[in-house]
Amino acid sequence: MIEAKDLHKAFGTVKAVDGVSFRARDGEITGLLGPNGAGKTTTLRMLYTLMAPDRGQVLVDGIDATLEPLAVRRQLGVLPDARGLYKRLTARENIDYFARLHGLPESLLKTRREALIQTLEMTDIGDRRTEGFSQGQRVKTAIARALIHDPRNVILDEPTNGLDVMATRALRQFMLQLKAEGRCVLFSSHIMQEVAALCDRIVVIAHGRVVADESPQALREQTGENNLEDAFVKIIGSDEGLAA
Amino acid sequence: MSMHTTPAPIRSRALFTVFLKEVRENLRDRRTLISALLTGPLLGPLVFVMLINVSLQRQFDKIDKPLPVPVIGSEYAPNLLQALKAGGIVPGPAIANPELSVRQQENDVVLRIAPDYASSWRKGEPVQVELIYDSSQRDANPAVERVSQLVETYARQQGAMRLVARGLSPGTAVPVSVARRDQATAQARGVLMFGMLPYFFVLTMFMGGMYLAIDLTAGERERQSLEPLFANPVPRWKILLGKLAAISVFSTVSLLISLVAFSVVGHFVPVEKLGMELEMGPRFGAHVLLMALPLIVLLAALQSMVAAFAKSYREAQSYLSLLMLVPIIPSALLSVLPIKAQDWMYAVPLLGQHFGIMQLLRGDSLSLHQLGLCMAGSAAAALLAVLITAQLYRSERLAISS
């Protein structure tokens, strides 16, 4: 479980995140929806301890991220906004590197890695150097290395960005599988359809604040709009920066 | 996949993991390899040997060879000319414009004998001969020196003979004479030429680690792989240390190759003509390596620090090219200003290594005290640089490329 409590983060005079609180539960997919520049990435960066909040608290499985950042990182699998691979290493070597940084024993490393390569359907690219990978192949590799230590919580920053239709479909299936395994899945998106189709819970962020935190059904009821798209526009106050 | 209740895993390997990955990745990069293992360590020795050979060759050529000198008015002083010929000078025919000729480097030196030479000589009056040369042509100086010495020797002999003819002791005219007792060994004299050698070594270490240092900070950020890396449960200082270790190993290997190359090419330097032995064998190599080790870490930390400041790979590259000029300062300065080595100077990074290497080349041994100072001083500076870089690594902005 991931909990954000009243997070604040400013860069100079710009308040990127200005009081964000929500809870992402185990066995659920939580979507962080908001227009570009709403503060989604900054919020996620505080969750995976890349940045320290100016104010507020992050708890992952009850562990405070400020006090024990390393313990929190152990509980998390992260696909950040930046998903650069080491292009002179093969996909397998990229995955192994992160596995060893997590301190995984070599025997366990091999079985986990091969299981992920099977699940993510990347057997054909496993031993290729990642230079020249397609966007989809790159995201698969980045996800595999992020999940190699079998984390209970998974954070994905705009995971479908730049993917084609087939890759997007496969990724959504994979997220549902993670949920079925009982993990806590938190992902950000600016695509309404995606969030509506996948999420058990939707946290809508605009101008650094949470403007709604409901199930898709409750959102429709709350706004009185039958169409989810209209509901979002009503909540955010404009349709700027959102994609259907 | 089943979820796993993570036991406290062994994480002491993290530093080594980072190190191994960086080494493996960079061994696959042709540019890094060429710079670290080929151009960096081998260019120095090659250029060095070529320069030394050319300059030695020129010096010795001038001493051994007969020296052609145009003489104006040779008919007035046949005896003087005879003496010059005995000294290896080949008198040439007179030329019209000797001043222009030496300025245009057609001749190193021209001798002019005045028409009244013979009559003055007979009267026992002092006579003058002119040497026309251009002292800004440094190449000509040995020739001028040679002719001038021959003329003076001839004058002294003739003077002494005149005194003897008048029944006086030749010593009357020379109340005080100077006897020079040069204590410089042939070794020490030759070493003057090798003043830039320490810089070649420093340059090699610098080049060996440079591409790694750029790649490991600015490069990794530009390729957006630093943020995912920092999401791993490894403290940033461990990641930094792993990277510094990789940089240091590359630059040490560069230095080793360079030392081996120098000891090989050392045989092609005609040092025996200088009457010296060039000590660049295993003992020399081992000492240089010892002195260089802390300096290697210092350079690695400085390079990483500079590369961490840069916004992009290219920016880091241009900053580092500037940084590369810093180590030239002590070597260049000391070859112009001869400073006597004080004990504390051995503790100054770069300066200490310069003195140490020069001392070894001269054939003197390095005292344990000096070696200790040199290593401790550089190690302290390296530690400081590592700490500052580690502090820099904690910055939130470091990982973020956009």
# chains A, B, ... in the order shown; residues from 1 in each chain; ligands from 1
call {"tool": "residues_around", "arguments": {"residues": "Glu181 (chain A)", "least_positions_apart": "3", "cutoff": "12 Å", "atoms": "only C-alpha atoms", "output": "PDB file with C-alpha atoms, in the first residue's frame"}}
result
ATOM      1  CA  ASP A  26      -3.093  -3.631  -2.537  1.00  0.00           C
ATOM      2  CA  GLY A  27      -4.941  -5.629  -5.161  1.00  0.00           C
ATOM      3  CA  GLU A  28      -6.170  -2.482  -6.852  1.00  0.00           C
ATOM      4  CA  ILE A  29      -5.099  -0.346  -9.774  1.00  0.00           C
ATOM      5  CA  ASP A 150       9.175  -8.993  -7.086  1.00  0.00           C
ATOM      6  CA  PRO A 151       7.956  -5.821  -5.384  1.00  0.00           C
ATOM      7  CA  ARG A 152       4.592  -5.582  -3.618  1.00  0.00           C
ATOM      8  CA  ASN A 153       4.017  -2.080  -4.959  1.00  0.00           C
ATOM      9  CA  VAL A 154       4.397  -0.961  -8.566  1.00  0.00           C
ATOM     10  CA  PHE A 174       0.075  -7.026 -17.729  1.00  0.00           C
ATOM     11  CA  MET A 175      -1.151  -4.396 -15.250  1.00  0.00           C
ATOM     12  CA  LEU A 176      -4.333  -6.377 -14.675  1.00  0.00           C
ATOM     13  CA  GLN A 177      -2.192  -9.425 -14.013  1.00  0.00           C
ATOM     14  CA  LEU A 178      -0.154  -7.498 -11.424  1.00  0.00           C
ATOM     15  CA  CYS A 184      -0.665  -2.362  -5.352  1.00  0.00           C
ATOM     16  CA  VAL A 185      -0.479  -0.778  -8.811  1.00  0.00           C
TER      17      VAL A 185
ATOM     18  CA  MET B   1       5.017 -14.883 -10.353  1.00  0.00           C
ATOM     19  CA  SER B   2       4.619 -15.168  -6.639  1.00  0.00           C
ATOM     20  CA  MET B   3       5.193 -12.333  -4.294  1.00  0.00           C
ATOM     21  CA  HIS B   4       8.058 -12.799  -2.075  1.00  0.00           C
TER      22      HIS B   4
END
call {"tool": "interface_residues", "arguments": {"of": "chain A", "to": "chain B", "cutoff": "6 Å", "atoms": "only C-alpha atoms", "output": "ChimeraX atom specification"}}
result
/A:51,70,73-74,82,84-85,88,101,103,150
call {"tool": "select_by_dssp", "arguments": {"residues": "region 13-198 of chain B", "states": "strand (DSSP E or B)", "output": "list in words"}}
result
Leu67, Pro68, Val69, Pro70, Val71, Ile72, Ile89, Val90, Pro91, Gly92, Val109, Val110, Leu111, Arg112, Ile113, Val129, Glu130, Leu131, Ile132 and Tyr133 of chain B
call {"tool": "select_by_dssp", "arguments": {"residues": "region 31-237 of chain A", "states": "helix (DSSP H, G or I)", "output": "number ranges by chain"}}
result
A: 40-47, 69-75, 91-101, 106-119, 135-147, 165-180, 192-198, 216-223, 228-236
call {"tool": "residues_around", "arguments": {"residues": "region 259-267 of chain B", "least_positions_apart": "4", "cutoff": "12 Å", "atoms": "only C-alpha atoms", "output": "PyMOL selection string"}}
result
chain B and resi 37-50+52-53+194+197-198+200-202+204-205+252-255+271-272+277-289+292+357+361
call {"tool": "residues_around", "arguments": {"residues": "Gly39 (chain A)", "least_positions_apart": "6", "cutoff": "8 Å", "atoms": "only C-alpha atoms", "output": "PyMOL selection string"}}
result
chain A and resi 16-17+205-208
call {"tool": "write_last_selection", "arguments": {"atoms": "C-alpha atoms", "output": "compact mmCIF listing (two decimals), in the first residue's frame"}}
result
# COMPACT_ATOMS: atom_id res chain seq x y z
CA ALA A 16 4.46 21.89 -8.49
CA VAL A 17 2.64 19.87 -5.84
CA ILE A 205 -4.81 15.99 -10.05
CA ALA A 206 -4.93 19.54 -11.37
CA HIS A 207 -2.65 22.48 -10.50
CA GLY A 208 -0.80 20.39 -7.92
call {"tool": "residues_around", "arguments": {"residues": "Val90 (chain B)", "least_positions_apart": "5", "cutoff": "8 Å", "atoms": "only C-alpha atoms", "output": "ChimeraX atom specification"}}
result
/B:66-69,84-85
call {"tool": "residues_around", "arguments": {"residues": "Tyr346 (chain B)", "least_positions_apart": "4", "cutoff": "6 Å", "atoms": "only C-alpha atoms", "output": "list in words"}}
result
Gly352, Leu373 and Cys374 of chain B
call {"tool": "write_last_selection", "arguments": {"atoms": "C-alpha atoms", "output": "mmCIF file, in the first residue's frame"}}
result
data_model
loop_
_atom_site.group_PDB
_atom_site.id
_atom_site.type_symbol
_atom_site.label_atom_id
_atom_site.label_comp_id
_atom_site.auth_asym_id
_atom_site.auth_seq_id
_atom_site.Cartn_x
_atom_site.Cartn_y
_atom_site.Cartn_z
ATOM 1 C CA GLY B 352 54.879 16.269 -5.798
ATOM 2 C CA LEU B 373 54.410 12.951 1.563
ATOM 3 C CA CYS B 374 53.573 12.680 -2.104
#
call {"tool": "closest_residue", "arguments": {"among": "A:Ala167, A:Ile191, A:Ala91, A:Leu147", "to": "Thr130 (chain A)", "atoms": "only C-alpha atoms"}}
result
A:Ala91
call {"tool": "residues_around", "arguments": {"residues": "Val297 (chain B)", "least_positions_apart": "4", "cutoff": "10 Å", "atoms": "only C-alpha atoms", "output": "VMD selection string"}}
result
chain B and resid 205 209 244 to 245 247 to 249 251 to 252 292 to 293 301 to 303 378 to 379 381 to 383 385 to 386
call {"tool": "write_last_selection", "arguments": {"atoms": "N, CA and C atoms", "output": "PDB file, in the first residue's frame"}}
result
ATOM      1  N   MET B 205      46.762   9.502 -17.641  1.00  0.00           N
ATOM      2  CA  MET B 205      45.767   9.118 -16.635  1.00  0.00           C
ATOM      3  C   MET B 205      44.467   9.848 -16.896  1.00  0.00           C
ATOM      4  N   GLY B 209      40.597   8.043 -18.114  1.00  0.00           N
ATOM      5  CA  GLY B 209      39.340   8.021 -17.386  1.00  0.00           C
ATOM      6  C   GLY B 209      38.295   8.978 -17.921  1.00  0.00           C
ATOM      7  N   LEU B 244      33.524   5.640  -9.587  1.00  0.00           N
ATOM      8  CA  LEU B 244      34.890   6.159  -9.436  1.00  0.00           C
ATOM      9  C   LEU B 244      35.906   5.029  -9.566  1.00  0.00           C
ATOM     10  N   ALA B 245      35.553   3.868  -9.009  1.00  0.00           N
ATOM     11  CA  ALA B 245      36.464   2.725  -9.102  1.00  0.00           C
ATOM     12  C   ALA B 245      36.674   2.351 -10.563  1.00  0.00           C
ATOM     13  N   ILE B 247      36.348   4.310 -13.232  1.00  0.00           N
ATOM     14  CA  ILE B 247      37.166   5.347 -13.871  1.00  0.00           C
ATOM     15  C   ILE B 247      38.633   5.149 -13.497  1.00  0.00           C
ATOM     16  N   SER B 248      38.881   4.909 -12.199  1.00  0.00           N
ATOM     17  CA  SER B 248      40.257   4.781 -11.727  1.00  0.00           C
ATOM     18  C   SER B 248      40.949   3.584 -12.361  1.00  0.00           C
ATOM     19  N   VAL B 249      40.225   2.482 -12.512  1.00  0.00           N
ATOM     20  CA  VAL B 249      40.852   1.299 -13.101  1.00  0.00           C
ATOM     21  C   VAL B 249      41.236   1.574 -14.557  1.00  0.00           C
ATOM     22  N   SER B 251      41.941   4.427 -15.847  1.00  0.00           N
ATOM     23  CA  SER B 251      43.060   5.354 -15.954  1.00  0.00           C
ATOM     24  C   SER B 251      44.351   4.713 -15.451  1.00  0.00           C
ATOM     25  N   THR B 252      44.243   3.764 -14.509  1.00  0.00           N
ATOM     26  CA  THR B 252      45.445   3.040 -14.077  1.00  0.00           C
ATOM     27  C   THR B 252      45.980   2.167 -15.203  1.00  0.00           C
ATOM     28  N   ALA B 292      51.259   7.821  -8.406  1.00  0.00           N
ATOM     29  CA  ALA B 292      50.124   8.217  -9.244  1.00  0.00           C
ATOM     30  C   ALA B 292      48.789   7.722  -8.691  1.00  0.00           C
ATOM     31  N   LEU B 293      48.805   6.623  -7.925  1.00  0.00           N
ATOM     32  CA  LEU B 293      47.521   6.034  -7.517  1.00  0.00           C
ATOM     33  C   LEU B 293      46.560   7.020  -6.849  1.00  0.00           C
ATOM     34  N   ALA B 301      37.639  11.816  -9.344  1.00  0.00           N
ATOM     35  CA  ALA B 301      36.622  12.563  -8.610  1.00  0.00           C
ATOM     36  C   ALA B 301      36.399  13.933  -9.240  1.00  0.00           C
ATOM     37  N   LEU B 302      37.507  14.594  -9.620  1.00  0.00           N
ATOM     38  CA  LEU B 302      37.371  15.921 -10.228  1.00  0.00           C
ATOM     39  C   LEU B 302      36.623  15.834 -11.551  1.00  0.00           C
ATOM     40  N   GLN B 303      36.957  14.822 -12.346  1.00  0.00           N
ATOM     41  CA  GLN B 303      36.280  14.665 -13.631  1.00  0.00           C
ATOM     42  C   GLN B 303      34.790  14.407 -13.425  1.00  0.00           C
ATOM     43  N   SER B 378      48.346  13.758  -1.938  1.00  0.00           N
ATOM     44  CA  SER B 378      47.386  13.515  -3.010  1.00  0.00           C
ATOM     45  C   SER B 378      46.178  12.735  -2.505  1.00  0.00           C
ATOM     46  N   ALA B 379      46.425  11.814  -1.570  1.00  0.00           N
ATOM     47  CA  ALA B 379      45.317  11.022  -1.040  1.00  0.00           C
ATOM     48  C   ALA B 379      44.334  11.914  -0.278  1.00  0.00           C
ATOM     49  N   ALA B 381      43.821  15.111  -0.799  1.00  0.00           N
ATOM     50  CA  ALA B 381      43.088  15.897  -1.792  1.00  0.00           C
ATOM     51  C   ALA B 381      42.035  15.037  -2.479  1.00  0.00           C
ATOM     52  N   ALA B 382      42.388  13.777  -2.752  1.00  0.00           N
ATOM     53  CA  ALA B 382      41.444  12.866  -3.405  1.00  0.00           C
ATOM     54  C   ALA B 382      40.225  12.637  -2.518  1.00  0.00           C
ATOM     55  N   LEU B 383      40.480  12.418  -1.225  1.00  0.00           N
ATOM     56  CA  LEU B 383      39.384  12.183  -0.290  1.00  0.00           C
ATOM     57  C   LEU B 383      38.437  13.378  -0.273  1.00  0.00           C
ATOM     58  N   ALA B 385      37.996  15.612  -2.613  1.00  0.00           N
ATOM     59  CA  ALA B 385      37.270  15.702  -3.885  1.00  0.00           C
ATOM     60  C   ALA B 385      36.148  14.669  -3.941  1.00  0.00           C
ATOM     61  N   VAL B 386      36.409  13.472  -3.419  1.00  0.00           N
ATOM     62  CA  VAL B 386      35.372  12.425  -3.419  1.00  0.00           C
ATOM     63  C   VAL B 386      34.202  12.866  -2.537  1.00  0.00           C
TER      64      VAL B 386
END
call {"tool": "atom_distance", "arguments": {"atom1": "CA of Leu80 (chain B)", "atom2": "CA of Gln158 (chain B)"}}
result
10.0 Å
call {"tool": "atom_distance", "arguments": {"atom1": "CA of Pro69 (chain A)", "atom2": "CA of Leu156 (chain A)"}}
result
18.3 Å
call {"tool": "closest_residue", "arguments": {"among": "A:Leu186, A:Met1, A:Ile148, A:Leu67", "to": "Pro80 (chain A)", "atoms": "only C-alpha atoms"}}
result
A:Leu186
call {"tool": "closest_residue", "arguments": {"among": "B:Pro142, B:Gly195, B:Leu392, B:Asn79", "to": "His354 (chain B)", "atoms": "only C-alpha atoms"}}
result
B:Gly195
call {"tool": "atom_distance", "arguments": {"atom1": "CA of Gln217 (chain A)", "atom2": "CA of Lys234 (chain A)"}}
result
15.3 Å
call {"tool": "closest_residue", "arguments": {"among": "A:Gly37, A:Asp54, A:Tyr97, A:Tyr48", "to": "Ala10 (chain A)", "atoms": "only C-alpha atoms"}}
result
A:Asp54
